[in-house]
$ cat run_8.cif   # mmCIF, C-alpha atoms and all ligand atoms
data_final
loop_
_atom_site.label_atom_id
_atom_site.label_comp_id
_atom_site.auth_asym_id
_atom_site.auth_seq_id
_atom_site.Cartn_x
_atom_site.Cartn_y
_atom_site.Cartn_z
CA MET F 89 4.90 -1.95 1.97
CA CYS F 90 3.93 -0.26 -1.27
CA LEU F 91 6.89 2.06 -0.92
CA ALA F 92 8.63 2.77 -4.19
CA VAL F 93 11.51 5.08 -5.04
CA PRO F 94 12.60 6.76 -8.27
CA ALA F 95 16.01 5.84 -9.70
CA LYS F 96 17.90 6.48 -12.94
CA VAL F 97 18.53 3.62 -15.33
CA ILE F 98 22.20 3.62 -16.37
CA ALA F 99 22.50 0.27 -18.15
CA ILE F 100 20.25 -2.45 -19.53
CA ARG F 101 21.13 -6.08 -20.27
CA ASP F 102 18.33 -8.41 -21.34
CA ASN F 103 15.57 -8.09 -18.78
CA LEU F 104 17.76 -6.46 -16.15
CA GLY F 105 18.44 -2.82 -15.61
CA THR F 106 21.14 -1.23 -13.51
CA VAL F 107 19.86 1.78 -11.62
CA GLU F 108 21.63 4.36 -9.55
CA LEU F 109 20.00 4.93 -6.20
CA SER F 110 21.64 7.58 -4.04
CA GLY F 111 25.07 6.73 -5.41
CA VAL F 112 24.65 2.96 -5.16
CA HIS F 113 24.19 0.72 -8.17
CA ARG F 114 21.41 -1.84 -8.02
CA GLU F 115 19.94 -4.37 -10.37
CA VAL F 116 16.25 -4.15 -11.09
CA SER F 117 14.09 -6.41 -13.17
CA LEU F 118 12.46 -4.84 -16.21
CA MET F 119 9.92 -7.66 -16.57
CA LEU F 120 7.08 -5.33 -15.59
CA LEU F 121 8.33 -2.34 -17.59
CA PRO F 122 9.85 -3.69 -20.81
CA GLU F 123 9.71 -0.30 -22.56
CA THR F 124 12.44 1.12 -20.28
CA VAL F 125 15.46 2.69 -22.02
CA VAL F 126 18.78 3.85 -20.58
CA GLY F 127 18.42 7.34 -19.10
CA ASP F 128 14.84 6.87 -17.90
CA TYR F 129 13.92 7.58 -14.33
CA VAL F 130 11.88 4.66 -13.07
CA LEU F 131 9.91 3.99 -9.94
CA VAL F 132 11.42 0.93 -8.24
CA HIS F 133 9.44 -1.39 -5.99
CA ALA F 134 10.60 -4.72 -4.55
CA GLY F 135 13.37 -5.07 -7.11
CA PHE F 136 11.22 -4.23 -10.13
CA ALA F 137 10.90 -1.10 -12.26
CA MET F 138 7.18 -0.26 -12.01
CA GLN F 139 6.73 2.93 -14.03
CA ILE F 140 8.65 5.59 -15.91
CA VAL F 141 8.71 8.87 -14.01
CA ASP F 142 7.57 11.76 -16.16
CA GLU F 143 9.74 14.66 -15.02
CA LYS F 144 7.75 17.24 -16.94
CA GLU F 145 4.51 16.07 -15.41
CA ALA F 146 6.12 16.24 -11.98
CA GLU F 147 7.03 19.88 -12.56
CA GLU F 148 3.56 20.69 -13.79
CA THR F 149 2.01 19.28 -10.66
CA ASN F 150 4.13 21.76 -8.78
CA ALA F 151 2.57 24.68 -10.60
CA LEU F 152 -0.12 24.76 -7.97
CA LEU F 153 -0.75 28.46 -7.75
CA ARG F 154 -1.92 28.75 -11.31
CA GLU F 155 -4.29 25.92 -10.74
CA MET F 156 -5.57 26.92 -7.35
CA ASN F 157 -8.58 28.82 -8.55
CA GLY F 158 -8.80 27.17 -11.91
CA GLU F 159 -10.04 23.81 -13.09
CA GLY F 160 -8.53 20.70 -11.62
CA ARG F 161 -7.29 17.98 -13.85
CA THR F 162 -10.00 15.41 -13.89
CA VAL F 163 -9.17 12.02 -15.21
CA LEU F 164 -12.67 10.67 -15.51
CA MET X 100 11.64 24.79 -3.47
CA ASP X 101 13.13 25.53 -0.05
CA LYS X 102 11.47 24.87 3.30
CA LYS X 103 10.22 28.43 3.61
CA GLU X 104 8.55 28.39 0.21
CA GLU X 105 7.09 25.00 0.98
CA ARG X 106 5.58 26.27 4.21
CA ALA X 107 4.15 29.32 2.52
CA LEU X 108 2.57 27.11 -0.12
CA ALA X 109 1.19 24.79 2.51
CA GLN X 110 -0.38 27.72 4.30
CA ARG X 111 -1.99 28.95 1.10
CA ILE X 112 -3.45 25.55 0.44
CA VAL X 113 -4.76 25.30 3.98
CA ALA X 114 -6.31 28.77 3.66
CA GLU X 115 -8.12 27.60 0.52
CA ILE X 116 -9.34 24.49 2.30
CA VAL X 117 -10.61 26.64 5.18
CA ARG X 118 -12.45 28.86 2.73
CA LEU X 119 -14.00 25.94 0.83
CA MET X 120 -15.17 24.18 3.99
CA ALA X 121 -16.21 27.29 5.91
CA ASP X 122 -19.98 26.91 5.97
CA ARG X 123 -20.27 23.20 6.66
CA ALA X 124 -22.47 22.06 9.50
CA GLN X 125 -20.19 19.16 10.39
CA PRO X 126 -16.60 18.33 9.57
CA VAL X 127 -15.87 16.45 6.35
CA ARG X 128 -14.04 13.16 6.76
CA PHE X 129 -11.44 12.13 4.24
CA MET X 130 -9.94 8.68 4.44
CA GLU X 131 -6.36 7.96 3.42
CA VAL X 132 -6.42 4.37 2.27
CA CYS X 133 -2.69 3.76 2.09
CA GLY X 134 -0.44 3.05 5.07
CA THR X 135 2.42 5.00 3.53
CA HIS X 136 0.12 8.03 3.33
CA THR X 137 -0.79 7.54 6.99
CA VAL X 138 2.87 7.73 7.97
CA SER X 139 3.53 10.80 5.76
CA ILE X 140 0.51 12.60 7.18
CA PHE X 141 1.59 11.98 10.76
CA ARG X 142 5.24 12.68 10.17
CA ALA X 143 4.53 16.03 8.56
CA GLY X 144 1.95 16.99 11.16
CA LEU X 145 -0.71 17.52 8.49
CA ARG X 146 -3.56 16.76 10.88
CA GLN X 147 -2.47 19.62 13.09
CA ILE X 148 -2.51 22.26 10.37
CA LEU X 149 -5.88 21.34 8.92
CA PRO X 150 -8.92 23.26 10.09
CA GLU X 151 -11.47 21.61 12.36
CA SER X 152 -13.77 21.36 9.37
CA VAL X 153 -11.58 18.59 7.93
CA GLU X 154 -10.96 15.28 9.68
CA LEU X 155 -8.51 12.73 8.36
CA VAL X 156 -9.19 9.11 9.06
CA SER X 157 -7.03 6.11 8.21
CA GLY X 158 -8.29 3.11 6.26
CA PRO X 159 -7.34 -0.53 5.64
CA GLY X 160 -4.26 0.25 3.55
CA CYS X 161 -1.51 -1.47 5.44
CA PRO X 162 -1.07 -4.93 3.87
CA VAL X 163 0.61 -6.33 6.95
CA CYS X 164 -2.25 -5.12 9.16
CA VAL X 165 -5.03 -6.72 7.13
CA THR X 166 -3.32 -10.12 6.84
CA PRO X 167 -5.37 -12.43 9.05
CA ASP X 168 -4.14 -14.65 11.89
CA ASP X 169 -4.69 -17.88 10.01
CA TYR X 170 -2.37 -16.79 7.21
CA MET X 171 0.34 -16.12 9.78
CA ASP X 172 -0.41 -19.50 11.39
CA LYS X 173 0.10 -21.22 8.03
CA ALA X 174 3.33 -19.32 7.39
CA ILE X 175 4.60 -20.32 10.85
CA ALA X 176 3.61 -23.96 10.27
CA TYR X 177 5.59 -24.05 7.00
CA ALA X 178 8.49 -22.27 8.68
CA LYS X 179 8.66 -24.99 11.31
CA ARG X 180 9.03 -27.75 8.74
CA GLU X 181 12.57 -29.04 8.24
CA ASP X 182 12.11 -29.09 4.47
CA CYS X 183 10.98 -25.45 4.11
CA ILE X 184 12.69 -22.08 4.00
CA ILE X 185 10.48 -19.01 4.32
CA ALA X 186 11.39 -15.92 2.31
CA THR X 187 9.58 -12.77 3.36
CA PHE X 188 9.60 -9.01 3.49
CA GLY X 189 10.92 -7.95 6.88
CA ASP X 190 7.71 -6.37 8.12
CA MET X 191 5.97 -9.76 8.42
CA LEU X 192 8.27 -11.09 11.13
CA LYS X 193 6.56 -9.59 14.14
CA VAL X 194 2.95 -9.91 12.94
CA PRO X 195 1.06 -11.99 15.48
CA GLY X 196 -0.62 -15.21 14.44
CA THR X 197 -3.01 -16.95 16.80
CA SER X 198 -0.36 -17.90 19.30
CA SER X 199 3.04 -16.96 17.92
CA SER X 200 4.85 -15.02 15.21
CA LEU X 201 7.42 -15.76 12.50
CA GLY X 202 9.99 -13.92 14.60
CA GLU X 203 9.41 -16.35 17.45
CA ALA X 204 9.64 -19.31 15.08
CA GLN X 205 12.93 -17.90 13.79
CA ALA X 206 14.27 -17.60 17.32
CA GLU X 207 13.38 -21.28 17.79
CA GLY X 208 15.47 -22.19 14.77
CA ALA X 209 13.14 -21.96 11.77
CA ASP X 210 14.90 -20.93 8.56
CA ILE X 211 13.35 -17.57 7.69
CA ARG X 212 15.12 -15.21 5.30
CA ILE X 213 14.33 -11.54 4.81
CA VAL X 214 14.22 -10.56 1.16
CA TYR X 215 13.98 -7.21 -0.52
CA SER X 216 12.51 -8.59 -3.74
CA PRO X 217 10.54 -11.78 -4.49
CA LEU X 218 13.32 -12.51 -7.01
CA ASP X 219 15.76 -12.90 -4.11
CA SER X 220 13.81 -15.99 -3.08
CA LEU X 221 14.63 -17.56 -6.45
CA LYS X 222 18.32 -17.27 -5.64
CA ILE X 223 17.70 -18.92 -2.27
CA ALA X 224 15.88 -21.72 -4.09
CA VAL X 225 18.84 -22.24 -6.45
CA GLU X 226 21.26 -22.38 -3.52
CA ASN X 227 19.09 -24.80 -1.54
CA PRO X 228 17.90 -27.40 -4.04
CA ASP X 229 16.85 -29.85 -1.30
CA LYS X 230 14.56 -27.32 0.41
CA LYS X 231 11.20 -25.85 -0.55
CA VAL X 232 11.50 -22.07 -0.61
CA VAL X 233 8.18 -20.39 0.21
CA PHE X 234 7.79 -16.69 -0.54
CA LEU X 235 5.15 -14.96 1.58
CA ALA X 236 3.22 -13.21 -1.15
CA VAL X 237 1.56 -10.41 0.77
CA GLY X 238 0.66 -6.95 -0.44
CA PHE X 239 -1.69 -5.00 -2.65
CA GLU X 240 -1.71 -4.41 -6.41
CA THR X 241 1.72 -2.75 -6.24
CA THR X 242 3.41 -5.85 -4.90
CA ALA X 243 1.32 -8.66 -6.40
CA PRO X 244 2.78 -8.29 -9.94
CA THR X 245 6.29 -8.67 -8.53
CA ALA X 246 5.34 -12.01 -6.96
CA ALA X 247 3.62 -13.05 -10.20
CA ALA X 248 6.76 -12.10 -12.14
CA ALA X 249 8.83 -14.23 -9.74
CA VAL X 250 6.59 -17.22 -10.50
CA LEU X 251 7.06 -16.69 -14.24
CA ALA X 252 10.82 -16.28 -13.76
CA ALA X 253 10.95 -19.50 -11.70
CA GLN X 254 9.12 -21.31 -14.48
CA ALA X 255 11.49 -19.90 -17.10
CA GLN X 256 14.48 -21.06 -15.03
CA GLY X 257 12.95 -24.49 -14.53
CA LEU X 258 13.07 -24.08 -10.74
CA GLU X 259 11.19 -26.83 -8.97
CA ASN X 260 11.50 -25.73 -5.36
CA PHE X 261 10.07 -22.20 -5.37
CA TYR X 262 6.55 -21.53 -4.08
CA VAL X 263 4.30 -18.71 -2.98
CA LEU X 264 1.87 -18.58 -0.09
CA SER X 265 -0.50 -15.98 -1.44
CA ALA X 266 -2.49 -13.48 0.56
CA HIS X 267 -2.46 -10.65 -1.94
CA LYS X 268 -5.33 -8.22 -1.61
CA LEU X 269 -7.08 -5.75 -3.89
CA VAL X 270 -7.90 -2.26 -2.73
CA SER X 271 -11.08 -1.34 -4.57
CA PRO X 272 -13.27 -4.23 -3.30
CA ALA X 273 -12.31 -3.15 0.23
CA LEU X 274 -13.44 0.42 -0.47
CA ARG X 275 -16.74 -0.95 -1.73
CA MET X 276 -17.13 -2.95 1.48
CA LEU X 277 -16.37 0.10 3.61
CA LEU X 278 -18.94 2.21 1.81
CA ALA X 279 -21.58 -0.44 2.41
CA ASP X 280 -20.90 -0.33 6.16
CA PRO X 281 -23.28 2.10 7.92
CA GLN X 282 -20.77 2.61 10.76
CA VAL X 283 -18.18 4.01 8.37
CA ARG X 284 -18.54 7.68 7.55
CA VAL X 285 -16.34 9.02 4.76
CA ASP X 286 -16.79 12.01 2.42
CA GLY X 287 -13.85 11.36 0.12
CA PHE X 288 -10.84 9.14 -0.44
CA ILE X 289 -7.15 9.97 -0.64
CA LEU X 290 -6.35 7.11 -3.01
CA PRO X 291 -3.13 5.08 -2.91
CA GLY X 292 -0.44 6.33 -5.29
CA HIS X 293 1.61 3.21 -5.81
CA VAL X 294 -1.35 0.88 -6.12
CA SER X 295 -2.62 3.21 -8.86
CA VAL X 296 0.73 3.00 -10.66
CA VAL X 297 -0.30 -0.58 -11.49
CA THR X 298 -4.10 -0.38 -11.62
CA GLY X 299 -4.45 3.04 -13.24
CA THR X 300 -7.16 5.43 -12.15
CA ASP X 301 -10.16 3.83 -13.86
CA VAL X 302 -10.54 1.14 -11.19
CA PHE X 303 -11.76 3.89 -8.88
CA ALA X 304 -14.38 5.22 -11.31
CA PHE X 305 -17.08 3.38 -9.37
CA LEU X 306 -16.60 5.73 -6.42
CA PRO X 307 -18.14 8.84 -7.99
CA ARG X 308 -20.39 6.81 -10.29
CA GLU X 309 -21.99 4.47 -7.78
CA PHE X 310 -21.38 6.17 -4.45
CA HIS X 311 -21.22 9.86 -5.34
CA MET X 312 -17.82 9.75 -3.67
CA PRO X 313 -14.83 11.98 -4.50
CA GLY X 314 -11.37 10.45 -4.87
CA VAL X 315 -7.91 11.84 -5.50
CA VAL X 316 -4.88 9.68 -6.29
CA THR X 317 -1.79 11.22 -4.77
CA GLY X 318 1.90 10.84 -3.99
CA PHE X 319 3.67 10.84 -0.67
CA GLU X 320 5.17 14.30 -0.26
CA PRO X 321 3.30 16.31 2.38
CA LEU X 322 2.51 19.02 -0.18
CA GLN X 323 1.07 16.48 -2.61
CA ILE X 324 -1.14 15.10 0.14
CA LEU X 325 -2.27 18.59 1.11
CA ARG X 326 -3.11 19.37 -2.48
CA SER X 327 -5.13 16.18 -2.72
CA ILE X 328 -7.07 17.27 0.37
CA TYR X 329 -7.65 20.61 -1.28
CA ARG X 330 -8.93 18.86 -4.40
CA LEU X 331 -11.26 16.71 -2.31
CA ALA X 332 -12.54 19.78 -0.47
CA ARG X 333 -13.19 21.46 -3.80
CA GLN X 334 -15.12 18.46 -5.08
CA VAL X 335 -17.19 18.38 -1.92
CA ALA X 336 -17.84 22.13 -2.05
CA GLU X 337 -18.94 21.91 -5.68
CA ASP X 338 -20.78 18.65 -5.05
CA LYS X 339 -19.16 17.25 -8.19
CA PRO X 340 -17.44 14.02 -7.24
CA ARG X 341 -14.89 12.63 -9.66
CA ILE X 342 -11.50 10.92 -9.66
CA GLU X 343 -8.57 13.30 -9.92
CA ASN X 344 -4.90 12.48 -10.28
CA GLU X 345 -2.43 14.45 -8.18
CA TYR X 346 0.40 12.01 -8.98
CA GLY X 347 0.59 12.33 -12.73
CA SER X 348 4.36 11.89 -12.75
CA VAL X 349 3.92 8.13 -12.32
CA VAL X 350 0.21 7.34 -12.30
CA ARG X 351 -1.34 6.99 -15.76
CA ARG X 352 -4.97 6.46 -16.42
CA GLU X 353 -4.21 3.02 -17.88
CA GLY X 354 -1.78 2.09 -15.08
CA ASN X 355 0.95 -0.35 -16.00
CA PRO X 356 -0.51 -2.78 -18.58
CA ALA X 357 2.57 -5.05 -18.58
CA ALA X 358 2.36 -5.47 -14.80
CA ARG X 359 -1.36 -6.19 -15.00
CA SER X 360 -0.93 -8.77 -17.73
CA VAL X 361 1.74 -10.58 -15.69
CA LEU X 362 -0.64 -10.47 -12.74
CA ASP X 363 -3.52 -11.84 -14.82
CA ARG X 364 -1.40 -14.68 -16.17
CA VAL X 365 -0.56 -16.01 -12.73
CA TYR X 366 -3.38 -14.94 -10.44
CA GLU X 367 -7.16 -14.94 -10.35
CA THR X 368 -9.46 -13.21 -7.89
CA VAL X 369 -10.96 -15.04 -4.95
CA ASP X 370 -12.93 -14.05 -1.85
CA ALA X 371 -10.51 -13.10 0.89
CA CYS X 372 -10.48 -12.56 4.61
CA TRP X 373 -9.26 -9.20 5.90
CA ARG X 374 -8.21 -8.99 9.51
CA GLY X 375 -10.84 -7.24 11.54
CA ILE X 376 -13.07 -6.69 8.52
CA GLY X 377 -13.93 -10.21 7.47
CA ARG X 378 -14.63 -11.79 4.13
CA ILE X 379 -14.70 -9.46 1.15
CA PRO X 380 -15.89 -10.86 -2.21
CA ALA X 381 -13.26 -10.99 -4.98
CA SER X 382 -10.75 -9.03 -2.92
CA GLY X 383 -7.89 -11.53 -2.90
CA LEU X 384 -5.66 -13.27 -5.40
CA GLN X 385 -4.95 -16.98 -5.75
CA VAL X 386 -2.57 -18.76 -8.08
CA LYS X 387 -4.32 -19.94 -11.26
CA GLN X 388 -4.64 -23.64 -12.03
CA ALA X 389 -1.90 -23.51 -14.68
CA TYR X 390 0.62 -22.36 -12.06
CA ARG X 391 -0.59 -24.45 -9.11
CA ARG X 392 2.73 -26.23 -8.83
CA PHE X 393 4.10 -22.95 -7.49
CA ASP X 394 1.36 -22.70 -4.86
CA ILE X 395 2.63 -24.21 -1.60
CA GLU X 396 -0.91 -24.79 -0.34
CA ALA X 397 -1.66 -26.94 -3.38
CA VAL X 398 1.64 -28.83 -3.20
CA LEU X 399 1.90 -29.27 0.55
CA PRO X 400 -1.56 -28.75 2.06
CA LEU X 401 -1.74 -28.10 5.78
CA GLU X 402 -4.44 -29.17 8.20
CA LEU X 403 -4.45 -26.51 10.87
CA PRO X 404 -6.88 -26.74 13.76
CA ALA X 405 -9.21 -23.74 13.85
CA GLN X 406 -8.12 -21.56 16.73
CA GLU X 407 -9.96 -18.82 18.53
CA LYS X 408 -7.97 -15.92 19.83
CA LYS X 409 -9.37 -13.78 22.59
CA THR X 410 -8.06 -10.27 22.50
CA ALA X 411 -9.28 -6.81 23.31
CA CYS X 412 -7.44 -5.48 20.25
CA ARG X 413 -9.73 -3.23 18.23
CA CYS X 414 -7.75 -3.24 14.98
CA GLY X 415 -10.90 -4.17 13.09
CA GLU X 416 -12.55 -0.89 13.98
CA VAL X 417 -9.30 1.05 13.60
CA LEU X 418 -8.84 -0.35 10.08
CA ARG X 419 -12.30 0.83 9.08
CA GLY X 420 -11.79 4.28 10.53
CA ILE X 421 -14.60 3.73 13.04
CA ILE X 422 -12.47 4.46 16.09
CA ASN X 423 -9.09 6.07 16.40
CA PRO X 424 -6.40 4.10 18.20
CA ARG X 425 -6.63 6.17 21.35
CA GLU X 426 -10.11 4.76 21.88
CA CYS X 427 -8.62 1.28 22.22
CA PRO X 428 -8.17 0.50 25.93
CA LEU X 429 -4.83 -1.21 25.27
CA PHE X 430 -3.30 1.66 23.28
CA GLY X 431 -0.07 2.89 24.84
CA LYS X 432 -0.56 0.60 27.85
CA ALA X 433 -0.55 -3.13 27.12
CA CYS X 434 0.02 -2.34 23.45
CA VAL X 435 3.13 -0.40 22.41
CA PRO X 436 5.44 -0.95 19.40
CA THR X 437 7.92 -3.04 21.40
CA HIS X 438 5.09 -5.17 22.83
CA ALA X 439 2.43 -4.99 20.17
CA VAL X 440 -0.87 -6.75 20.73
CA GLY X 441 -2.29 -6.13 17.27
CA PRO X 442 -0.81 -5.75 13.79
CA CYS X 443 -1.75 -2.06 13.58
CA MET X 444 0.89 -1.47 16.25
CA VAL X 445 3.40 -3.94 14.77
CA SER X 446 3.68 -2.51 11.30
CA VAL X 447 5.54 0.75 10.76
CA GLU X 448 2.67 1.65 8.46
CA GLY X 449 0.06 0.69 11.01
CA VAL X 450 -2.35 3.33 12.22
CA CYS X 451 -1.79 2.58 15.90
CA ALA X 452 1.99 2.74 15.45
CA ALA X 453 1.65 6.12 13.71
CA TRP X 454 -0.56 7.47 16.50
CA TYR X 455 1.85 6.16 19.08
CA LYS X 456 4.90 7.63 17.42
CA TYR X 457 3.52 10.95 16.20
CA GLY X 458 0.28 11.22 18.14
CA GLY X 459 1.25 14.46 19.86
CA GLY X 460 1.76 15.97 16.45
CA ARG X 461 4.83 17.69 15.15
CA PHE X 462 4.39 20.93 13.29
CA ILE X 463 6.48 21.16 10.19
CA TYR X 464 4.36 23.38 7.99
CA GLY X 465 2.25 25.01 10.60
CA LYS X 466 4.58 27.61 12.01
S1 LIG U 501 -3.66 -0.17 20.10
FE1 LIG U 501 -2.91 -2.28 19.88
S2 LIG U 501 -4.54 -3.52 20.71
FE2 LIG U 501 -5.44 -1.50 20.34
S3 LIG U 501 -6.30 -1.62 18.25
FE3 LIG U 501 -4.21 -0.86 18.06
S4 LIG U 501 -2.95 -2.69 17.67
FE4 LIG U 501 -4.94 -3.40 18.51
#
$ encode --input "run_8.cif" --output "structure tokens" --more "lines below"
Ligand code: SF4
Amino acid sequence: MCLAVPAKVIAIRDNLGTVELSGVHREVSLMLLPETVVGDYVLVHAGFAMQIVDEKEAEETNALLREMNGEGRTVL
Amino acid sequence: MDKKEERALAQRIVAEIVRLMADRAQPVRFMEVCGTHTVSIFRAGLRQILPESVELVSGPGCPVCVTPDDYMDKAIAYAKREDCIIATFGDMLKVPGTSSSLGEAQAEGADIRIVYSPLDSLKIAVENPDKKVVFLAVGFETTAPTAAAAVLAAQAQGLENFYVLSAHKLVSPALRMLLADPQVRVDGFILPGHVSVVTGTDVFAFLPREFHMPGVVTGFEPLQILRSIYRLARQVAEDKPRIENEYGSVVRREGNPAARSVLDRVYETVDACWRGIGRIPASGLQVKQAYRRFDIEAVLPLELPAQEKKTACRCGEVLRGIINPRECPLFGKACVPTHAVGPCMVSVEGVCAAWYKYGGGRFIYGK
């Protein structure tokens, strides 16, 4: 149920964004993510943009080998 | 990254996990809390490629599964009223109440509409001004802000026939409850990625601090999950529990403050009943006084007779990771996805359904 998918924001009007999701255009509410701008990738859940996807961070997470014997990223 | 590279990476990670866990007297048990993780783990065959020193156990992270009978009974009772339309996510339809399900009510003529977003129920309310449209507000912290936002949107539009029937639940109080249960044995948590998108990672700080318990927030790709298991193994090996974030692309330490403030405007915490687990303090959400006119239970209270259901379903133990579904006598016999006895078999994210569908294991990374 907590499934969410990333999609690119291609237009914004008021509180509504238009996202492209595998070729299909969909409206998503930006009520929960008002800082969204056109061009952002956002995580979409139940018709709402929930978070901006940080592409760079995503790539970094993939750099596993470097990290394997090093320090993990601790958030607390 | 192609499949071959992915497999090679997976094997390297597994080799590291084997090394880290090599000299342990008994296997470590890591619990994946989220139902979507459960499905990913089974689908990718991750259990099969892990060494015997690591056991994965599923937790209470399928919102449909933990929704109790009496909530379903209420939803069915509203559905049967001429003046109500029920709007719900599709996965609620087959969840058993005490004696029936929403799907059965629908077959008998109740007006039940499947929605993709809570906002869709607002449209239904506009189109049906003479009906009360009740959205079944079920789900964890990921979903609860969307229902709260729908309430605020309904207020802004001046809608007078939109309501929620709330059974939202919060993940961290449930983890606390599990850790207090002597039957539950867990050495670390694979923490839910999309719940953390809203809550941030700090809500889980109590795990290492109060329970000396490792936790890693992670995404849903098999490699991400494997890496989170590696991180947990490393924390266990070093005996330095902390909360790590393996899903930094969308999970920030502070979560989503806008979503949380919408949530806080509309909802307040309340003790809640989890199916099979029981009452957990401050683990549910109810509509605040200021928004009570959107709460169907406040507007149209129901008197339902208390009903006892006799069943051999062991979802309660399955949801706490105490038994695995194959230890339930009904599993695969009286209880299969097409004829589910308990919610853990109904929901696609349910642990029993995952065991039934993928139980034999399919190797994707292993060979
Ligand atoms: S197999 Fe069916 S009856 Fe047994 S615990 Fe799972 S859902 Fe309940």
$ residues_near_ligand --input "run_8.cif" --ligand "ligand LIG 501 (chain U)" --cutoff "8 Å" --atoms "all atoms listed in the file" --output "compact mmCIF listing (two decimals) with C-alpha atoms, in the coordinates of the input"
# COMPACT_ATOMS: atom_id res chain seq x y z
CA THR X 410 -8.06 -10.27 22.50
CA ALA X 411 -9.28 -6.81 23.31
CA CYS X 412 -7.44 -5.48 20.25
CA ARG X 413 -9.73 -3.23 18.23
CA CYS X 414 -7.75 -3.24 14.98
CA GLY X 415 -10.90 -4.17 13.09
CA GLU X 416 -12.55 -0.89 13.98
CA VAL X 417 -9.30 1.05 13.60
CA PRO X 424 -6.40 4.10 18.20
CA ARG X 425 -6.63 6.17 21.35
CA GLU X 426 -10.11 4.76 21.88
CA CYS X 427 -8.62 1.28 22.22
CA PRO X 428 -8.17 0.50 25.93
CA LEU X 429 -4.83 -1.21 25.27
CA PHE X 430 -3.30 1.66 23.28
CA GLY X 431 -0.07 2.89 24.84
CA ALA X 433 -0.55 -3.13 27.12
CA CYS X 434 0.02 -2.34 23.45
CA VAL X 435 3.13 -0.40 22.41
CA ALA X 439 2.43 -4.99 20.17
CA VAL X 440 -0.87 -6.75 20.73
CA GLY X 441 -2.29 -6.13 17.27
CA PRO X 442 -0.81 -5.75 13.79
CA CYS X 443 -1.75 -2.06 13.58
CA MET X 444 0.89 -1.47 16.25
CA VAL X 445 3.40 -3.94 14.77
CA VAL X 450 -2.35 3.33 12.22
CA CYS X 451 -1.79 2.58 15.90
CA ALA X 452 1.99 2.74 15.45
$ atom_distance --input "run_8.cif" --atom1 "atom CA of Arg308 of chain X" --atom2 "atom CA of Ser327 of chain X"
19.4 Å
$ atom_distance --input "run_8.cif" --atom1 "atom CA of Met171 of chain X" --atom2 "atom CA of Asn227 of chain X"
23.6 Å
$ residues_around --input "run_8.cif" --residues "segment 107-123 of chain X" --least-positions-apart "6" --cutoff "7 Å" --atoms "only C-alpha atoms" --output "list in words"
Leu149, Pro150, Ser152, Leu322, Arg326, Tyr329, Ala332, Arg333, Ala336 and Tyr464 of chain X
$ atom_distance --input "run_8.cif" --atom1 "atom CA of Thr187 of chain X" --atom2 "atom CA of Ala99 of chain F"
28.3 Å
$ axis_aligned_box --input "run_8.cif" --around "segment 156-164 of chain X" --padding-each-side "8 Å" --output "lines of an AutoDock Vina configuration file"
center_x = -4.3
center_y = 1.4
center_z = 6.4
size_x = 25.8
size_y = 31.4
size_z = 21.6
$ residues_around --input "run_8.cif" --residues "Ile175 of chain X" --least-positions-apart "5" --cutoff "12 Å" --atoms "all atoms listed in the file" --output "PyMOL selection string"
chain X and resi 168-170+180+183-187+191-211+233+235+264+401+403
$ residues_around --input "run_8.cif" --residues "Asp280 of chain X" --least-positions-apart "6" --cutoff "12 Å" --atoms "all atoms listed in the file" --output "list in words"
Ala273, Leu274, Ile376, Glu416, Arg419, Gly420 and Ile421 of chain X
$ closest_residue --input "run_8.cif" --among "X:Val263, X:Leu155, X:Ala176, X:Met276" --to "Val232 of chain X" --atoms "only C-alpha atoms"
X:Val263
$ residues_around --input "run_8.cif" --residues "Ile100 of chain F" --least-positions-apart "4" --cutoff "9 Å" --atoms "only C-alpha atoms" --output "MDAnalysis selection string"
chainID F and resid 104:107 118 124:126
$ build_atoms --input "run_8.cif" --residues "segment 310-315 of chain X" --atoms "N, CA, C and O atoms" --output "mmCIF file, in the coordinates of the input"
data_model
loop_
_atom_site.group_PDB
_atom_site.id
_atom_site.type_symbol
_atom_site.label_atom_id
_atom_site.label_comp_id
_atom_site.auth_asym_id
_atom_site.auth_seq_id
_atom_site.Cartn_x
_atom_site.Cartn_y
_atom_site.Cartn_z
ATOM 1 N N PHE X 310 -21.241 5.735 -5.846
ATOM 2 C CA PHE X 310 -21.380 6.170 -4.450
ATOM 3 C C PHE X 310 -21.348 7.684 -4.280
ATOM 4 O O PHE X 310 -21.334 8.182 -3.167
ATOM 5 N N HIS X 311 -21.286 8.400 -5.392
ATOM 6 C CA HIS X 311 -21.220 9.860 -5.340
ATOM 7 C C HIS X 311 -20.046 10.288 -4.437
ATOM 8 O O HIS X 311 -20.170 11.177 -3.599
ATOM 9 N N MET X 312 -18.938 9.605 -4.603
ATOM 10 C CA MET X 312 -17.820 9.750 -3.670
ATOM 11 C C MET X 312 -16.594 10.320 -4.385
ATOM 12 O O MET X 312 -16.146 9.757 -5.373
ATOM 13 N N PRO X 313 -16.051 11.441 -3.895
ATOM 14 C CA PRO X 313 -14.830 11.980 -4.500
ATOM 15 C C PRO X 313 -13.606 11.109 -4.221
ATOM 16 O O PRO X 313 -13.576 10.403 -3.207
ATOM 17 N N GLY X 314 -12.618 11.175 -5.096
ATOM 18 C CA GLY X 314 -11.370 10.450 -4.870
ATOM 19 C C GLY X 314 -10.228 11.170 -5.566
ATOM 20 O O GLY X 314 -10.393 11.676 -6.675
ATOM 21 N N VAL X 315 -9.083 11.252 -4.886
ATOM 22 C CA VAL X 315 -7.910 11.840 -5.500
ATOM 23 C C VAL X 315 -6.718 10.905 -5.278
ATOM 24 O O VAL X 315 -6.405 10.557 -4.140
#
